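A.B. asks: Mind looking over this structure? Questions follow.
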Amino acid sequence: MKVRDALERFLEKHEPSLYAGLFLAALLLRLTALESAPLSGTEAAEAWGAMDLLRGGAAGSSSALYASLTAGVLFISGASHWAPRVLPAAAGALAVLLPLLLRPSCGRIESFLLALLLALSPALWIASTMAGGTALGFLAAGFVIFHMRSNNPQPLSGGLALGLAVASGPVGWSGLAIAAIVPLAERIFQSGSTQTNTEIADGRPPIERADTRPPIERTDSRSPLQMPAAIAGFILGAAAGSTGLFFFPRGIGALAAGLSGWLASFFSGWPRIGEFILLFLGYEPIALVFGIIGLILLSKGLFAAEDRFWAVFAAVAAAWVLLRPAAFPGESVWVILPLLVLGARALRLVLESSVLGERPVFVAAQGGAICALAAFAVFNLAAYVHTGSWLNLGLALAGFLGGIFPGLLFSEDLQIAARTSLTGLALAWFSILAVTQAGAGWNATHARRASANELWQTETTAADVLRLHGALVQISEWQTGVKDELAVAIQLPEESALGWELLTYKAAEYAAAVDMLAVPPMLIAPYVEVDGAVVAPRLTVVYRGQAFGYTERRAWYGWPPDLIRWLLFREGPAERERVILWVRSDILVPEEGAVE
């Protein structure tokens, strides 16, 4: 029995439970550490937009869908690190189920592989653990794109999804715009001949698709789209999405505000080509490797002619992102999506190969040997990266590439041995890259201390902000017996990451400057040094201060100074800003080492 048939039968029997398990695993990973890290500067701006909407003002968020729905979450749960991030996390987990729309045309194997790749994608993982409309826009616009590529698109559900995608803001708009451009680009670049290869280079017939049944005829090829239902669905989706199910009518104003910002971001700077390449090297190696393999197989006629849509989609999306550097890296998900589709099809060919059935021992041996060599290369590189030695790296990579040859020594048929080795190499590459991606996604989310050198955030709020909040609570409780009643004057904007952190501190007051005659018990001010000494507040009483880290950001653009160090450890030069907590001397007992 062919491996393809075994996989098909296994998925037919366990498909619902497998998708449910994949969804729950993706959701659990995204919900694991939402509360553990303070909001970054970008996240805080989006969260404050939802809070302003809840308070009766205009939404300042770029996504009306995110602002209106998050306002409802804030109304129910109150301000926290968790509340602004929970909806993106749910949307990111639901995106794993999008391939079900392509299942009738792609088959069970390919659809599940695509769902697995979407669940493993660090880009989607990271975007769905950050406050903002990226994950919601990807889910809504992705549904529209997959729905229109399915065999039987329904006008009402398509219209609803289109309305939600419009309400989702810039990421959804960009996805829809790219999908609209792709057919035009296909016509422009189409050579005019649709040659289909009936044989590949070694004379073997091309591998058939997983679903060998005749394709279902598309509904829109038999009858015109039911426009009234589609229009009604669109209006309902756009209105409900932008107003939080009609609870926050002011949310619709975010559509106009977001549209102006979206248009202004075109040609807003030089293309970030270096960072765009780093995105795939450091976060999306599976999309890079297997997406390229898919493009090669497509060019050789091993895919259906209609699959050119995804190749053109990737090219258009890449040009789109490079022309909109202000939107990087969030909208890069539209480059990653088509590469994952093509990568899933390339993986399907690997898993359907008859070699797996003929030589399973060789495949397992090759996969294990190459995984061991790759692990040696990674750990060896990590050990010597700080010394700048490339000799060990060269030896490790040479041994890694040599892993494809042992199969040739134990097989009587060199052709089968070569195919076995390549199949084992492909499976080993996928396993290694999957582990690498899982580590990259986990490290870039809130499960660990955030690094300022991640590409996914322009400004990281330092973990010291949590310590600062804790210090305020301790001093207030010590002085008054209540955790948030001792007044603190803050010389920073309220709608900032620090302002969000102190949103639950009732006695916080914000002002650009403090009157010289005022004597607030505590004062938070920017950290300023003159001639190596900290500038104390010019007030009528003595204060003692303690510095805390506030924000961190990358100090490089385009390409990191040390590529290997960045790839392994996300290390690089960073710029840091601090604030200083000043406490009136009669309130806090002086401690050794305090600044006075």
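Naming scheme: A, B, ... for chains in displayed order of the structure tokens; residues 1 onward per chain; ligands 1 onward as shown.
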Write out as an MDAnalysis selection string the residues lying within 8 Å of region 165-167 of chain A, counting only C-alpha atoms and excluding same-chain residues fewer than 5 positions away.
C.D. replies: chainID A and resid 63:65 137 140:141 144 172:173 176 237:239 241:242 255
A.B. asks: Could you jot down the CA of Asp586 (chain A) to CA of Arg538 (chain A) separation for me, Å, one decimal place?
C.D. replies: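 Rounded to one decimal, the two atoms are 16.6 Å apart.
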A.B. asks: As a ChimeraX atom specification, list the residues of region 220-331 of chain A assigned to helix (DSSP H, G or I) by DSSP on the backbone atoms of this structure.
C.D. replies: /A:220-222,227-242,249-264,273-282,285-299,305-322,325-327,330-331
A.B. asks: Choose the residue, out of A:Ala95, A:Ile178, A:Ala319, A:Ile286, that has the smallest atom-to-atom separation from Ile273 (chain A); count only C-alpha atoms.
C.D. replies: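 Among A:Ala95, A:Ile178, A:Ala319, A:Ile286, it is A:Ala319 that comes nearest to Ile273 (chain A).
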A.B. asks: Between A:Arg544, A:Arg187, A:Arg554, A:Arg345, which is the closest to Glu577 (chain A) once you count only C-alpha atoms?
C.D. replies: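 Checking each candidate against Glu577 (chain A), we get A:Arg554 as the closest.
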A.B. asks: Can you work out which one of A:Ala232, A:Leu7, A:Leu34, A:Leu113 has the shortest atom-to-atom distance to Val86 (chain A), counting only C-alpha atoms?
C.D. replies: A:Leu34
